[in-house]
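Printed here is upload_25.cif (mmCIF, C-alpha atoms):
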```cif
data_target
#
loop_
_atom_site.label_atom_id
_atom_site.label_comp_id
_atom_site.auth_asym_id
_atom_site.auth_seq_id
_atom_site.Cartn_x
_atom_site.Cartn_y
_atom_site.Cartn_z
CA GLY A 15 -104.55 117.04 62.76
CA ILE A 16 -102.90 118.84 59.85
CA ASN A 17 -100.58 120.90 62.04
CA ALA A 18 -99.32 117.79 63.82
CA GLU A 19 -98.70 116.05 60.52
CA TYR A 20 -96.90 119.10 59.12
CA GLY A 21 -94.69 119.27 62.19
CA ARG A 22 -93.80 115.62 61.84
CA CYS A 23 -92.92 116.11 58.17
CA LEU A 24 -90.58 118.97 59.05
CA TRP A 25 -88.94 116.80 61.69
CA LYS A 26 -88.51 113.95 59.23
CA LYS A 27 -86.69 116.24 56.81
CA LYS A 28 -84.42 117.84 59.43
CA PRO A 29 -80.86 116.55 58.89
CA ALA A 30 -78.72 115.45 61.80
CA SER A 31 -75.74 117.69 62.31
CA SER A 32 -73.66 114.76 63.46
CA ALA A 33 -73.95 111.03 63.91
CA SER A 34 -73.36 111.46 67.62
CA GLU A 35 -76.73 113.19 68.02
CA GLY A 36 -78.44 109.85 67.50
CA SER A 37 -80.95 111.12 64.94
CA ASN A 38 -82.15 108.98 62.05
CA GLU A 39 -83.57 110.07 58.72
CA LYS A 40 -87.14 109.07 59.57
CA GLY A 41 -87.09 111.29 62.64
CA ASP A 42 -89.20 108.77 64.54
CA GLY A 43 -87.24 108.26 67.73
CA MET A 44 -84.45 105.81 68.50
CA ALA A 45 -83.39 103.83 65.47
CA GLY A 46 -85.69 100.95 64.69
CA SER A 47 -87.95 101.10 67.75
CA THR A 48 -90.83 103.24 66.42
CA LEU A 49 -93.60 102.33 63.98
CA GLY A 50 -95.92 104.83 62.31
CA ILE A 51 -96.07 108.50 61.27
CA VAL A 52 -99.17 110.00 62.98
CA PHE A 53 -100.20 107.08 65.21
CA THR A 54 -96.85 105.89 66.54
CA VAL A 55 -95.74 103.02 68.76
CA THR A 56 -92.31 103.02 70.39
CA SER A 57 -91.49 99.81 72.22
CA PHE A 58 -88.87 99.09 74.86
CA GLY A 59 -87.61 96.24 77.00
CA GLU A 60 -85.93 92.85 76.77
CA SER A 61 -87.03 89.26 77.28
CA HIS A 62 -85.49 88.89 80.74
CA GLY A 63 -85.51 92.50 81.90
CA PRO A 64 -87.89 93.73 84.61
CA ALA A 65 -90.56 94.76 82.10
CA ILE A 66 -91.48 95.43 78.50
CA GLY A 67 -93.67 98.25 77.31
CA CYS A 68 -94.46 100.90 74.74
CA ILE A 69 -95.49 104.50 74.24
CA VAL A 70 -98.50 105.00 71.96
CA ASP A 71 -98.61 108.55 70.62
CA GLY A 72 -101.14 110.19 68.31
CA CYS A 73 -104.18 108.27 69.52
CA PRO A 74 -107.33 110.35 68.95
CA PRO A 75 -108.89 111.66 72.17
CA GLY A 76 -112.22 110.47 73.49
CA LEU A 77 -111.80 106.73 72.89
CA MET A 78 -113.22 104.72 75.78
CA LEU A 79 -110.30 102.57 76.94
CA THR A 80 -109.60 100.32 79.91
CA GLU A 81 -106.92 97.77 80.67
CA ALA A 82 -109.54 95.06 80.11
CA ASP A 83 -109.88 96.16 76.47
CA ILE A 84 -106.18 95.47 75.99
CA GLN A 85 -105.94 92.39 78.20
CA ILE A 86 -108.37 90.37 76.10
CA GLU A 87 -105.97 90.59 73.16
CA LEU A 88 -102.89 89.86 75.27
CA ASP A 89 -104.51 86.72 76.65
CA ARG A 90 -104.84 85.37 73.10
CA ARG A 91 -101.07 85.67 72.60
CA LYS A 92 -99.54 84.95 76.01
CA PRO A 93 -97.24 81.94 76.54
CA GLY A 94 -98.03 78.86 78.57
CA THR A 95 -101.63 78.55 77.36
CA SER A 96 -101.24 75.02 75.95
CA ARG A 97 -98.67 72.25 75.70
CA TYR A 98 -97.97 73.22 72.09
CA VAL A 99 -96.22 76.50 72.97
CA THR A 100 -93.47 77.65 75.32
CA GLN A 101 -94.18 76.85 78.95
CA ARG A 102 -92.86 80.18 80.19
CA ARG A 103 -95.63 81.37 82.52
CA GLU A 104 -96.21 85.05 81.97
CA PRO A 105 -99.52 86.62 83.04
CA ASP A 106 -98.88 89.50 80.61
CA THR A 107 -100.91 91.84 82.79
CA VAL A 108 -100.98 95.29 81.21
CA GLU A 109 -100.82 98.56 83.11
CA ILE A 110 -101.93 101.87 81.60
CA LEU A 111 -99.64 104.51 83.08
CA SER A 112 -100.74 107.62 81.18
CA GLY A 113 -102.90 109.03 78.41
CA VAL A 114 -106.26 107.88 79.83
CA TYR A 115 -108.47 109.90 82.17
CA GLU A 116 -111.81 108.76 83.53
CA GLY A 117 -111.82 105.88 81.07
CA LYS A 118 -111.14 107.96 77.94
CA THR A 119 -108.01 108.64 75.92
CA THR A 120 -106.85 112.23 76.27
CA GLY A 121 -104.86 112.56 73.06
CA THR A 122 -101.60 112.53 75.00
CA PRO A 123 -99.06 109.67 74.95
CA ILE A 124 -100.38 106.37 76.30
CA ALA A 125 -97.76 104.44 78.27
CA LEU A 126 -98.31 100.69 78.53
CA LEU A 127 -96.27 98.44 80.82
CA ILE A 128 -96.11 94.64 81.06
CA ARG A 129 -93.92 93.29 83.85
CA ASN A 130 -91.88 90.13 83.22
CA ALA A 131 -92.63 87.54 85.88
CA ASP A 132 -91.13 84.20 84.83
CA GLN A 133 -87.60 84.80 83.57
CA ARG A 134 -85.20 81.87 83.85
CA SER A 135 -81.92 83.42 82.81
CA LYS A 136 -79.77 80.50 84.00
CA ASP A 137 -80.93 78.59 80.91
CA TYR A 138 -78.71 80.93 78.90
CA ASP A 139 -75.53 80.85 81.03
CA LYS A 140 -73.71 78.65 78.51
CA LEU A 141 -74.64 80.90 75.58
CA THR A 142 -72.96 84.13 76.65
CA GLU A 143 -69.87 83.48 74.52
CA THR A 144 -71.47 81.57 71.64
CA PHE A 145 -73.99 82.23 68.89
CA ARG A 146 -77.14 80.17 68.35
CA PRO A 147 -77.69 79.24 64.68
CA GLY A 148 -80.74 80.97 63.23
CA HIS A 149 -80.90 83.53 66.02
CA ALA A 150 -79.91 87.19 66.01
CA ASP A 151 -77.01 86.60 68.46
CA TYR A 152 -74.20 86.95 65.93
CA ALA A 153 -75.72 89.91 64.06
CA TYR A 154 -76.51 91.86 67.25
CA TRP A 155 -73.03 91.25 68.65
CA CYS A 156 -71.33 92.37 65.43
CA LYS A 157 -73.52 95.47 65.11
CA TYR A 158 -73.49 96.76 68.69
CA GLY A 159 -70.37 95.11 70.14
CA ILE A 160 -72.51 93.94 73.06
CA ARG A 161 -75.66 91.87 73.46
CA ASP A 162 -78.06 90.61 76.10
CA PRO A 163 -77.97 86.80 75.74
CA ARG A 164 -80.82 86.14 78.18
CA GLY A 165 -83.73 84.83 76.16
CA GLY A 166 -82.53 86.68 73.08
CA GLY A 167 -82.74 90.08 74.77
CA ARG A 168 -84.26 92.71 72.52
CA SER A 169 -84.57 90.29 69.57
CA SER A 170 -86.86 87.97 71.55
CA ALA A 171 -90.47 87.46 70.46
CA ARG A 172 -91.32 88.53 74.00
CA GLU A 173 -91.34 92.09 72.62
CA THR A 174 -94.37 91.28 70.48
CA ALA A 175 -96.62 91.40 73.54
CA VAL A 176 -96.45 95.19 73.52
CA ARG A 177 -97.34 95.25 69.82
CA VAL A 178 -100.49 93.30 70.66
CA ALA A 179 -101.25 95.74 73.47
CA ALA A 180 -100.89 98.76 71.18
CA GLY A 181 -102.77 96.96 68.45
CA ALA A 182 -105.72 96.46 70.79
CA ILE A 183 -106.11 100.25 70.98
CA ALA A 184 -105.93 100.53 67.19
CA LYS A 185 -108.43 97.70 66.71
CA LYS A 186 -110.93 99.33 69.06
CA TRP A 187 -110.74 102.75 67.38
CA LEU A 188 -110.98 101.29 63.86
CA ALA A 189 -113.98 99.17 64.84
CA GLU A 190 -115.84 102.06 66.48
CA ARG A 191 -114.98 104.66 63.85
CA PHE A 192 -115.30 102.60 60.66
CA GLY A 193 -116.69 99.20 61.64
CA ILE A 194 -113.41 97.57 60.59
CA LEU A 195 -113.02 93.95 61.65
CA ILE A 196 -109.53 92.44 61.74
CA ARG A 197 -109.23 88.67 62.13
CA GLY A 198 -106.59 86.05 61.43
CA TYR A 199 -106.11 82.30 61.27
CA MET A 200 -103.42 79.72 60.59
CA VAL A 201 -103.26 78.52 56.99
CA GLN A 202 -100.45 75.99 57.28
CA LEU A 203 -98.45 74.34 60.06
CA GLY A 204 -95.27 72.79 58.70
CA GLU A 205 -96.33 70.51 55.88
CA LYS A 206 -99.95 70.42 57.09
CA LEU A 207 -102.34 72.59 55.07
CA ILE A 208 -105.30 73.81 57.12
CA PRO A 209 -108.61 74.27 55.28
CA PHE A 210 -110.85 77.21 56.14
CA SER A 211 -114.21 76.12 57.52
CA ARG A 212 -115.56 79.02 59.57
CA TRP A 213 -114.34 81.95 61.63
CA GLU A 214 -116.05 80.69 64.78
CA ASP A 215 -113.60 77.76 64.99
CA VAL A 216 -110.52 79.98 65.28
CA SER A 217 -111.02 80.90 68.94
CA GLN A 218 -111.88 77.34 69.91
CA ASN A 219 -108.42 75.77 69.53
CA PRO A 220 -104.80 76.62 70.41
CA PHE A 221 -103.67 76.65 66.76
CA PHE A 222 -106.01 79.42 65.58
CA ALA A 223 -107.18 76.96 62.93
CA ALA A 224 -110.43 77.77 61.13
CA ASP A 225 -111.42 74.10 61.05
CA LEU A 226 -111.86 72.18 64.30
CA ALA A 227 -111.84 68.85 62.46
CA ILE A 228 -108.10 69.10 61.77
CA VAL A 229 -107.03 70.08 65.30
CA PRO A 230 -106.31 66.51 66.54
CA GLU A 231 -104.06 65.95 63.52
CA LEU A 232 -102.22 69.21 64.22
CA ALA A 233 -101.79 68.27 67.87
CA SER A 234 -100.25 64.90 67.02
CA TYR A 235 -98.02 66.51 64.43
CA VAL A 236 -96.61 69.11 66.86
CA ASP A 237 -96.07 66.44 69.52
CA SER A 238 -94.04 64.37 67.03
CA ILE A 239 -91.94 67.41 66.09
CA ARG A 240 -91.20 68.14 69.74
CA LYS A 241 -90.18 64.52 70.39
CA ARG A 242 -87.71 64.76 67.51
CA LEU A 243 -86.18 67.83 69.23
CA ASP A 244 -87.04 69.88 66.17
CA SER A 245 -89.38 72.67 65.09
CA VAL A 246 -91.49 73.76 62.10
CA GLY A 247 -92.69 76.96 60.46
CA ALA A 248 -96.17 78.19 59.65
CA ARG A 249 -98.31 80.43 57.45
CA VAL A 250 -100.80 82.85 58.99
CA ARG A 251 -103.42 84.90 57.15
CA VAL A 252 -104.98 88.15 58.39
CA VAL A 253 -108.08 89.77 56.91
CA ALA A 254 -109.34 93.33 57.47
CA GLN A 255 -112.96 93.89 56.45
CA HIS A 256 -114.83 97.17 55.87
CA VAL A 257 -111.70 99.26 55.20
CA PRO A 258 -112.74 102.43 53.32
CA VAL A 259 -111.49 103.30 49.85
CA GLY A 260 -108.53 105.65 49.62
CA TRP A 261 -106.06 104.76 52.39
CA GLY A 262 -102.39 104.67 51.40
CA GLU A 263 -99.84 107.23 50.23
CA PRO A 264 -98.11 106.44 46.92
CA VAL A 265 -95.45 106.03 45.97
CA TYR A 266 -93.14 105.24 48.88
CA ASP A 267 -95.75 104.95 51.62
CA ARG A 268 -98.13 102.69 49.74
CA LEU A 269 -100.52 100.89 52.04
CA ASP A 270 -99.25 97.47 50.95
CA ALA A 271 -95.64 98.60 51.36
CA ASP A 272 -96.27 99.74 54.93
CA ILE A 273 -98.15 96.52 55.71
CA ALA A 274 -95.26 94.46 54.36
CA HIS A 275 -92.81 96.54 56.41
CA ALA A 276 -94.83 96.00 59.58
CA MET A 277 -95.26 92.27 59.03
CA MET A 278 -91.59 91.74 58.23
CA SER A 279 -90.72 93.40 61.54
CA ILE A 280 -92.34 90.50 63.41
CA ASN A 281 -89.79 88.03 64.74
CA ALA A 282 -89.34 84.95 62.50
CA VAL A 283 -91.38 86.31 59.56
CA LYS A 284 -89.56 85.57 56.29
CA GLY A 285 -92.20 86.39 53.70
CA VAL A 286 -95.32 88.50 53.13
CA GLU A 287 -98.06 88.15 50.52
CA ILE A 288 -100.81 90.66 49.73
CA GLY A 289 -103.82 89.05 48.07
CA ALA A 290 -102.73 86.39 45.59
CA GLY A 291 -99.11 87.12 46.46
CA PHE A 292 -96.63 84.76 44.81
CA ALA A 293 -99.50 82.86 43.17
CA ALA A 294 -99.82 85.88 40.86
CA VAL A 295 -96.73 84.58 39.04
CA THR A 296 -98.73 81.75 37.46
CA GLN A 297 -101.94 83.71 36.90
CA TYR A 298 -102.79 85.29 33.55
CA GLY A 299 -103.65 88.95 33.36
CA SER A 300 -107.19 88.02 32.37
CA GLU A 301 -107.47 86.14 35.66
CA HIS A 302 -105.50 88.28 38.11
CA GLY A 303 -106.98 91.70 37.32
CA ASP A 304 -110.05 92.16 39.49
CA GLU A 305 -112.93 93.21 37.21
CA LEU A 306 -115.34 95.93 38.36
CA THR A 307 -119.09 96.00 37.89
CA PRO A 308 -121.72 98.45 39.22
CA GLN A 309 -122.60 95.73 41.72
CA GLY A 310 -119.03 95.25 42.94
CA PHE A 311 -115.69 93.61 42.25
CA ILE A 312 -115.74 90.15 40.68
CA SER A 313 -112.67 88.90 42.57
CA ASN A 314 -110.01 90.06 45.04
CA HIS A 315 -106.64 88.85 43.79
CA ALA A 316 -105.21 92.28 44.69
CA GLY A 317 -105.97 91.70 48.35
CA GLY A 318 -107.90 94.95 48.71
CA ILE A 319 -105.09 97.25 47.55
CA THR A 320 -104.25 98.60 44.08
CA GLY A 321 -101.69 101.28 43.36
CA GLY A 322 -100.86 101.25 47.05
CA ILE A 323 -104.37 102.49 47.94
CA SER A 324 -107.22 100.56 49.59
CA THR A 325 -110.11 99.67 47.27
CA GLY A 326 -112.79 98.97 49.87
CA GLN A 327 -112.40 95.22 49.47
CA ASP A 328 -111.10 92.95 52.21
CA ILE A 329 -107.40 93.48 52.83
CA VAL A 330 -105.83 90.03 52.80
CA VAL A 331 -102.28 89.48 54.11
CA THR A 332 -100.44 86.18 54.49
CA ILE A 333 -97.13 85.79 56.31
CA ALA A 334 -94.55 82.98 56.29
CA ILE A 335 -92.93 82.18 59.63
CA LYS A 336 -89.68 80.26 59.90
CA PRO A 337 -89.09 77.28 62.22
CA THR A 338 -88.04 78.09 65.77
CA PRO A 339 -84.22 78.09 65.79
CA SER A 340 -84.08 77.20 69.51
CA ILE A 341 -83.91 73.39 69.39
CA ALA A 342 -82.11 70.78 71.51
CA THR A 343 -80.62 69.07 68.47
CA PRO A 344 -76.81 69.61 68.31
CA ARG A 345 -75.91 72.41 65.85
CA ARG A 346 -72.55 73.74 64.68
CA SER A 347 -71.57 77.31 65.49
CA ILE A 348 -68.66 79.47 66.70
CA ASP A 349 -67.83 81.37 69.87
CA THR A 350 -66.77 85.01 70.25
CA SER A 351 -63.15 83.98 69.57
CA ASN A 352 -64.15 82.28 66.30
CA ASN A 353 -63.60 78.78 67.66
CA ALA A 354 -65.81 75.98 66.37
CA VAL A 355 -68.41 74.80 68.91
CA VAL A 356 -71.48 72.58 69.03
CA ILE A 357 -74.63 74.04 70.59
CA GLU A 358 -77.73 72.43 72.05
CA THR A 359 -80.35 75.02 73.02
CA HIS A 360 -82.31 73.94 76.06
CA GLY A 361 -85.08 75.79 77.87
CA ARG A 362 -88.72 76.62 77.27
CA HIS A 363 -89.28 77.19 73.57
CA ASP A 364 -92.12 77.02 71.07
CA PRO A 365 -91.99 74.04 68.68
CA CYS A 366 -93.62 76.48 66.24
CA VAL A 367 -93.65 80.20 66.94
CA GLY A 368 -96.36 80.55 64.31
CA ILE A 369 -98.90 79.04 66.69
CA ARG A 370 -99.04 82.30 68.68
CA ALA A 371 -98.45 84.63 65.73
CA THR A 372 -102.06 85.29 64.71
CA PRO A 373 -102.82 87.97 67.35
CA ILE A 374 -99.47 89.61 66.57
CA ALA A 375 -100.17 89.81 62.83
CA GLU A 376 -103.65 91.19 63.54
CA ALA A 377 -102.12 93.87 65.77
CA MET A 378 -99.56 94.93 63.18
CA LEU A 379 -102.22 95.25 60.48
CA ALA A 380 -104.36 97.33 62.86
CA LEU A 381 -101.44 99.65 63.65
CA VAL A 382 -100.76 100.30 59.97
CA LEU A 383 -104.43 100.90 59.22
CA ILE A 384 -105.04 103.38 62.03
CA ASP A 385 -101.94 105.32 61.03
CA HIS A 386 -103.13 105.53 57.43
CA ALA A 387 -106.66 106.44 58.55
CA LEU A 388 -105.29 109.45 60.41
CA ARG A 389 -102.93 110.36 57.56
CA TYR A 390 -105.87 110.23 55.12
CA ARG A 391 -107.88 112.48 57.41
CA ALA A 392 -105.01 114.99 57.56
CA GLN A 393 -104.66 115.29 53.77
CA CYS A 394 -107.91 114.23 52.13
CA ALA A 395 -110.70 114.86 54.63
CA ASP A 396 -112.20 117.53 52.34
CA VAL A 397 -112.03 115.44 49.16
CA HIS A 398 -115.44 114.67 47.69
CA MET A 399 -115.42 111.13 46.34
CA PRO A 400 -116.53 111.39 42.69
CA LEU A 401 -117.91 107.84 42.69
CA ALA A 402 -119.70 105.98 45.41
CA SER A 403 -117.74 103.04 46.82
CA ILE A 404 -118.77 99.84 45.07
CA ALA A 405 -119.33 96.59 46.89
CA ALA A 406 -116.53 94.22 47.80
CA SER A 407 -115.84 90.94 46.04
CA ARG A 408 -118.93 88.85 45.29
CA GLY A 409 -117.08 85.54 45.39
#
```
Represent the structure from my file as structure tokens, please.
Amino acid sequence: GINAEYGRCLWKKKPASSASEGSNEKGDGMAGSTLGIVFTVTSFGESHGPAIGCIVDGCPPGLMLTEADIQIELDRRKPGTSRYVTQRREPDTVEILSGVYEGKTTGTPIALLIRNADQRSKDYDKLTETFRPGHADYAYWCKYGIRDPRGGGRSSARETAVRVAAGAIAKKWLAERFGILIRGYMVQLGEKLIPFSRWEDVSQNPFFAADLAIVPELASYVDSIRKRLDSVGARVRVVAQHVPVGWGEPVYDRLDADIAHAMMSINAVKGVEIGAGFAAVTQYGSEHGDELTPQGFISNHAGGITGGISTGQDIVVTIAIKPTPSIATPRRSIDTSNNAVVIETHGRHDPCVGIRATPIAEAMLALVLIDHALRYRAQCADVHMPLASIAASRG
């Protein structure tokens, strides 16, 4: 509630007396591992460690929650589900260790654990003294002076499983409290544009494509990329429907700013668009500005957010995902002594990490929205809306 939010604000503003205390200016736990202000997620673990997991704090009490509610989302993301993704076989079975009693959340921290079961660390024995091009190896080593080379360690996309687990809780609360529906689909795979046909098709193929007719073409395309020992990127779009008007905190905690921050934290994401995104550059003001009528908005180029605040329209987010840098094609690099080397990365890798990114992007959008829902409730619960919410876009 308000007292919890006020306490967090005081903590955020409390300066660290020394760098050795390990505090950071956001006051949200260890540097870089926590997302959110009221509804927070702190993740831990590495790709080849014994387990990965997270602590979800600030979840409202009374939400019916079981491991099955979370598992259904994890199963959409887990590796080894088709020949088009990494063949690492992880069951991704989630364990709820705390914060739930007799099937309901208690308002206390929810600890989620996912044990790693199929690590193959020997694949990385030759990489302990070298840096893979396009990976975080060099940057991590320079920053910390030490790194875990097994599967990328902390920088591995393996960590995204716990985001999906936490996001499942957020999705469930948002759906039950506001009727919010968060769904995503792949828009582009490499050079292949994917038309949108219908939502029902998304769950019926391994590419999360919204058009089953193009799936055979995508399958052949990925197979050809894999045979060339190469990889490709992707674009994924996520849509949140039935989001109320008023969420977002200008000017620095705008809803679109926090969404962009969350999406950019996903491994391999190199770009984020809200609504029309970069297409707005070529639009005229007479086209881009979404006109309002008593019956609703005429368009949704803003992607459901103006001035950093939700408008009640669909929130539309598109992310660009880079090609997988782990490829068996010889690449130039250096070792830890700055000697020139040539690297071939072998092992079990995705030819396109974007294929499994849709559930991750959905989870990140859900985590931002539930945090802003609770922040809105803390500040503006008593505000009387002077104008009834108008309908969403009519076309």
- Message: So that I can see what lies close to Gly121 of chain A, please list as a VMD selection string the residues with an atom at most 10 Å from it, counting only C-alpha atoms and leaving out residues fewer than 2 positions away in the same chain.
- Response: chain A and resid 70 to 77 113 to 114 118 to 119 123 to 124
Closest contacts (segment 282-354 of chain A/segment 390-401 of chain A, max 12 Å, all atoms listed in the file) as a Markdown table:
```
| residue | atom | partner | partner_atom | distance |
| --- | --- | --- | --- | --- |
| A:Pro308 | CA | A:Leu401 | CA | 10.7 |
| A:Ile323 | CA | A:Tyr390 | CA | 10.7 |
| A:Ser324 | CA | A:Tyr390 | CA | 11.2 |
```
- Note on the structure: From the list A:Gly299, A:Gly318, A:Gly181, A:Pro105, the nearest residue to Ala375 of chain A using all atoms listed in the file is A:Gly181
- Message: Excluding Arg177 of chain A and its own-chain neighbours fewer than 5 positions away, which residues fall within 10 Å of it when counting all atoms listed in the file? Please give them as a count of residues only.
- Response: 17
- Message: Which residues, named as in the file, does the PyMOL selection byres ((chain A and resi 168) around 7) pick out? Answer as a list in words.
- Response: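 Matching residues under the PyMOL selection byres ((chain A and resi 168) around 7) are Gly59, Glu60, Ser61, Gly166, Gly167, Ser169 and Ser170 of chain A.
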Expected file: the selected residues, C-alpha atoms, as a compact mmCIF listing (two decimals), in the coordinates of the input:
```txt
# COMPACT_ATOMS: atom_id res chain seq x y z
CA GLY A 59 -87.61 96.24 77.00
CA GLU A 60 -85.93 92.85 76.77
CA SER A 61 -87.03 89.26 77.28
CA GLY A 166 -82.53 86.68 73.08
CA GLY A 167 -82.74 90.08 74.77
CA SER A 169 -84.57 90.29 69.57
CA SER A 170 -86.86 87.97 71.55
```
Atoms are missing here; could segment 170-178 of chain A be completed with all heavy atoms and written as a PDB file, keeping the file's coordinate frame?
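What ended up in selection-v1.pdb:
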```pdb
ATOM      1  N   SER A 170     -85.911  89.010  71.144  1.00  0.00           N
ATOM      2  CA  SER A 170     -86.860  87.970  71.550  1.00  0.00           C
ATOM      3  C   SER A 170     -88.277  88.308  71.101  1.00  0.00           C
ATOM      4  O   SER A 170     -88.685  89.480  71.053  1.00  0.00           O
ATOM      5  CB  SER A 170     -86.841  87.810  73.069  1.00  0.00           C
ATOM      6  OG  SER A 170     -87.912  86.999  73.517  1.00  0.00           O
ATOM      7  N   ALA A 171     -89.055  87.273  70.801  1.00  0.00           N
ATOM      8  CA  ALA A 171     -90.470  87.460  70.460  1.00  0.00           C
ATOM      9  C   ALA A 171     -91.277  87.940  71.663  1.00  0.00           C
ATOM     10  O   ALA A 171     -92.447  88.291  71.524  1.00  0.00           O
ATOM     11  CB  ALA A 171     -91.053  86.162  69.923  1.00  0.00           C
ATOM     12  N   ARG A 172     -90.655  87.983  72.828  1.00  0.00           N
ATOM     13  CA  ARG A 172     -91.320  88.530  74.000  1.00  0.00           C
ATOM     14  C   ARG A 172     -91.790  89.964  73.742  1.00  0.00           C
ATOM     15  O   ARG A 172     -92.826  90.403  74.245  1.00  0.00           O
ATOM     16  CB  ARG A 172     -90.354  88.497  75.186  1.00  0.00           C
ATOM     17  CG  ARG A 172     -90.901  89.068  76.482  1.00  0.00           C
ATOM     18  CD  ARG A 172     -91.738  88.057  77.224  1.00  0.00           C
ATOM     19  NE  ARG A 172     -92.369  88.662  78.392  1.00  0.00           N
ATOM     20  CZ  ARG A 172     -93.675  88.719  78.597  1.00  0.00           C
ATOM     21  NH1 ARG A 172     -94.511  88.198  77.725  1.00  0.00           N
ATOM     22  NH2 ARG A 172     -94.176  89.269  79.685  1.00  0.00           N
ATOM     23  N   GLU A 173     -91.015  90.699  72.938  1.00  0.00           N
ATOM     24  CA  GLU A 173     -91.340  92.090  72.620  1.00  0.00           C
ATOM     25  C   GLU A 173     -92.676  92.234  71.906  1.00  0.00           C
ATOM     26  O   GLU A 173     -93.309  93.295  71.975  1.00  0.00           O
ATOM     27  CB  GLU A 173     -90.200  92.687  71.765  1.00  0.00           C
ATOM     28  CG  GLU A 173     -90.350  94.151  71.401  1.00  0.00           C
ATOM     29  CD  GLU A 173     -91.060  94.373  70.072  1.00  0.00           C
ATOM     30  OE1 GLU A 173     -91.198  93.395  69.303  1.00  0.00           O
ATOM     31  OE2 GLU A 173     -91.487  95.501  69.806  1.00  0.00           O
ATOM     32  N   THR A 174     -93.131  91.173  71.245  1.00  0.00           N
ATOM     33  CA  THR A 174     -94.370  91.280  70.480  1.00  0.00           C
ATOM     34  C   THR A 174     -95.598  91.463  71.360  1.00  0.00           C
ATOM     35  O   THR A 174     -96.655  91.860  70.865  1.00  0.00           O
ATOM     36  CB  THR A 174     -94.573  90.052  69.572  1.00  0.00           C
ATOM     37  OG1 THR A 174     -94.647  88.856  70.375  1.00  0.00           O
ATOM     38  CG2 THR A 174     -93.434  89.910  68.574  1.00  0.00           C
ATOM     39  N   ALA A 175     -95.473  91.187  72.650  1.00  0.00           N
ATOM     40  CA  ALA A 175     -96.620  91.400  73.540  1.00  0.00           C
ATOM     41  C   ALA A 175     -97.047  92.857  73.531  1.00  0.00           C
ATOM     42  O   ALA A 175     -98.246  93.165  73.543  1.00  0.00           O
ATOM     43  CB  ALA A 175     -96.266  90.951  74.964  1.00  0.00           C
ATOM     44  N   VAL A 176     -96.074  93.776  73.492  1.00  0.00           N
ATOM     45  CA  VAL A 176     -96.450  95.190  73.520  1.00  0.00           C
ATOM     46  C   VAL A 176     -97.053  95.631  72.193  1.00  0.00           C
ATOM     47  O   VAL A 176     -97.856  96.579  72.154  1.00  0.00           O
ATOM     48  CB  VAL A 176     -95.251  96.085  73.904  1.00  0.00           C
ATOM     49  CG1 VAL A 176     -94.696  95.672  75.258  1.00  0.00           C
ATOM     50  CG2 VAL A 176     -94.159  96.061  72.857  1.00  0.00           C
ATOM     51  N   ARG A 177     -96.692  94.959  71.107  1.00  0.00           N
ATOM     52  CA  ARG A 177     -97.340  95.250  69.820  1.00  0.00           C
ATOM     53  C   ARG A 177     -98.817  94.885  69.887  1.00  0.00           C
ATOM     54  O   ARG A 177     -99.676  95.604  69.370  1.00  0.00           O
ATOM     55  CB  ARG A 177     -96.673  94.456  68.700  1.00  0.00           C
ATOM     56  CG  ARG A 177     -95.180  94.678  68.546  1.00  0.00           C
ATOM     57  CD  ARG A 177     -94.653  93.751  67.477  1.00  0.00           C
ATOM     58  NE  ARG A 177     -93.205  93.771  67.350  1.00  0.00           N
ATOM     59  CZ  ARG A 177     -92.558  93.802  66.204  1.00  0.00           C
ATOM     60  NH1 ARG A 177     -93.239  93.824  65.066  1.00  0.00           N
ATOM     61  NH2 ARG A 177     -91.247  93.787  66.160  1.00  0.00           N
ATOM     62  N   VAL A 178     -99.101  93.736  70.516  1.00  0.00           N
ATOM     63  CA  VAL A 178    -100.490  93.300  70.660  1.00  0.00           C
ATOM     64  C   VAL A 178    -101.261  94.280  71.545  1.00  0.00           C
ATOM     65  O   VAL A 178    -102.428  94.591  71.277  1.00  0.00           O
ATOM     66  CB  VAL A 178    -100.550  91.868  71.227  1.00  0.00           C
ATOM     67  CG1 VAL A 178    -101.984  91.474  71.572  1.00  0.00           C
ATOM     68  CG2 VAL A 178     -99.950  90.881  70.231  1.00  0.00           C
TER      69      VAL A 178
END
```
